[in-house]
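Notes to accompany the following structure.
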Amino acid sequence: MPTRTFKIAEGKAVAIYASYCAFRVFPDGRLNSAQALRPDLPIEAAREWMLPIVKILNSSTEQLDAYLEMVGTGDRQKEQALRIEGGGSGFSLGTEWPGAESDLPALGVSLRWRWDTNLPIAMAVTVTWARPYSVMRLPARPLAAPPGFEQFPIVTESFVAEALRKQNEVAPSNATETALIEPQQTPATGTPVSEVPTNGASPTAEAVAPPPRHFSLWIYLVGGAFCCACVWSFVRRNSSS
């Protein structure tokens with residue numbers, strides 16, 4: 001497992017004993033990000049690797065020591081509380097973001113608290129470039145490793161949001177055929193929901209729901225009132241004559 005060195009500025013570099021390196025590459029061959037992961041560490045080894053990084057990045061050794069002391073307690077309840085309710089159970093530091101589309105890198109180093117008595121620290125170093133938005137497009141051909149990284153496995157990913165659609169669930173807005181929603185069981189009655197076309201067509205006979213009960217009651221009331229009016233008019237005419 002080689003030691004990977006990340007150069008920050010002239011005379012300043014961050015080194016990590018990496019067991020795994022992952023690279024994200026844009027279609028034009030430029031790196032999006034490079035991440036180096038090392039085997040999990042005991043607390044003493046984590047401090048030994050982090051001390052020169054903390055000094056190079058002008059960070060606080062007291063904060064590092066306080067974090068490692070907290071990890072050394074092995075308090076899983078506290079780790080869960082920090083991770084779920086607080087700002088996280090890790091320790092991180094890095095350089096400032098260079099600005100959108102500046103084509104410059106930013107470096108970040110992180111420690112993650114693992115539930116392991118002997119090796120409780122996971123360490124990672126990530127370099128991310130602020131590339132122009134114009135290079136964030138789908139690759140037209142298979143990508144090759146950038147110069148100097150040919151010995152590492154390269155994982156390439158296209159920048160695309162996956163939105164998988166099933167034909168029997170959603171119909172396009174310009175569809176010419178009717179797409180029916182699959183019947184689902186209602187929680188209350190357990191009966192299937194009627195199938196309704198999604199393209200605006202008139203519902204089928206099976207999809208027409210019966211009128212509500214209060215609507216039928218109004219029909220009976222209006223009809224009864226009409227009959228009463230007819231009877232009252234007939235009786236009045238006979239009494240007049």
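Residues in the structure tokens are named by chain (A, B, ... in the order shown) and by number from 1 within that chain; ligands are numbered from 1 in the order shown.
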Spatial neighbours of Tyr20 (chain A), max dist 6 Å, only C-alpha atoms, sep filter under 2 positions, as an mmCIF file with N, CA and C atoms, in the first residue's frame:
```
data_model
loop_
_atom_site.group_PDB
_atom_site.id
_atom_site.type_symbol
_atom_site.label_atom_id
_atom_site.label_comp_id
_atom_site.auth_asym_id
_atom_site.auth_seq_id
_atom_site.Cartn_x
_atom_site.Cartn_y
_atom_site.Cartn_z
ATOM 1 N N ALA A 18 -2.279 5.059 1.746
ATOM 2 C CA ALA A 18 -3.567 4.714 1.152
ATOM 3 C C ALA A 18 -3.634 3.242 0.784
ATOM 4 N N ALA A 36 -8.424 9.273 -1.278
ATOM 5 C CA ALA A 36 -7.533 8.225 -0.779
ATOM 6 C C ALA A 36 -8.018 7.771 0.586
ATOM 7 N N LEU A 37 -8.201 6.468 0.739
ATOM 8 C CA LEU A 37 -8.627 5.879 2.000
ATOM 9 C C LEU A 37 -7.516 4.978 2.532
#
```
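With distances restricted to only C-alpha atoms, A:Trp129 is the closest residue to Glu96 (chain A) from A:Phe6, A:Phe23, A:Trp129, A:Trp49.
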Discussion item. Give me the residues near region 97-106 of chain A as a count of residues only, where near means some atom within 8 Å (using only C-alpha atoms) and where sequence neighbours in that chain fewer than 6 positions away do not count.
Written reply: 7
Item to complete: Using CA of Glu79 (chain A) and CA of Arg112 (chain A) as the two end points, give the distance in Å to one decimal.
Response: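 According to the coordinates, CA of Glu79 (chain A) and CA of Arg112 (chain A) are separated by 10.4 Å.
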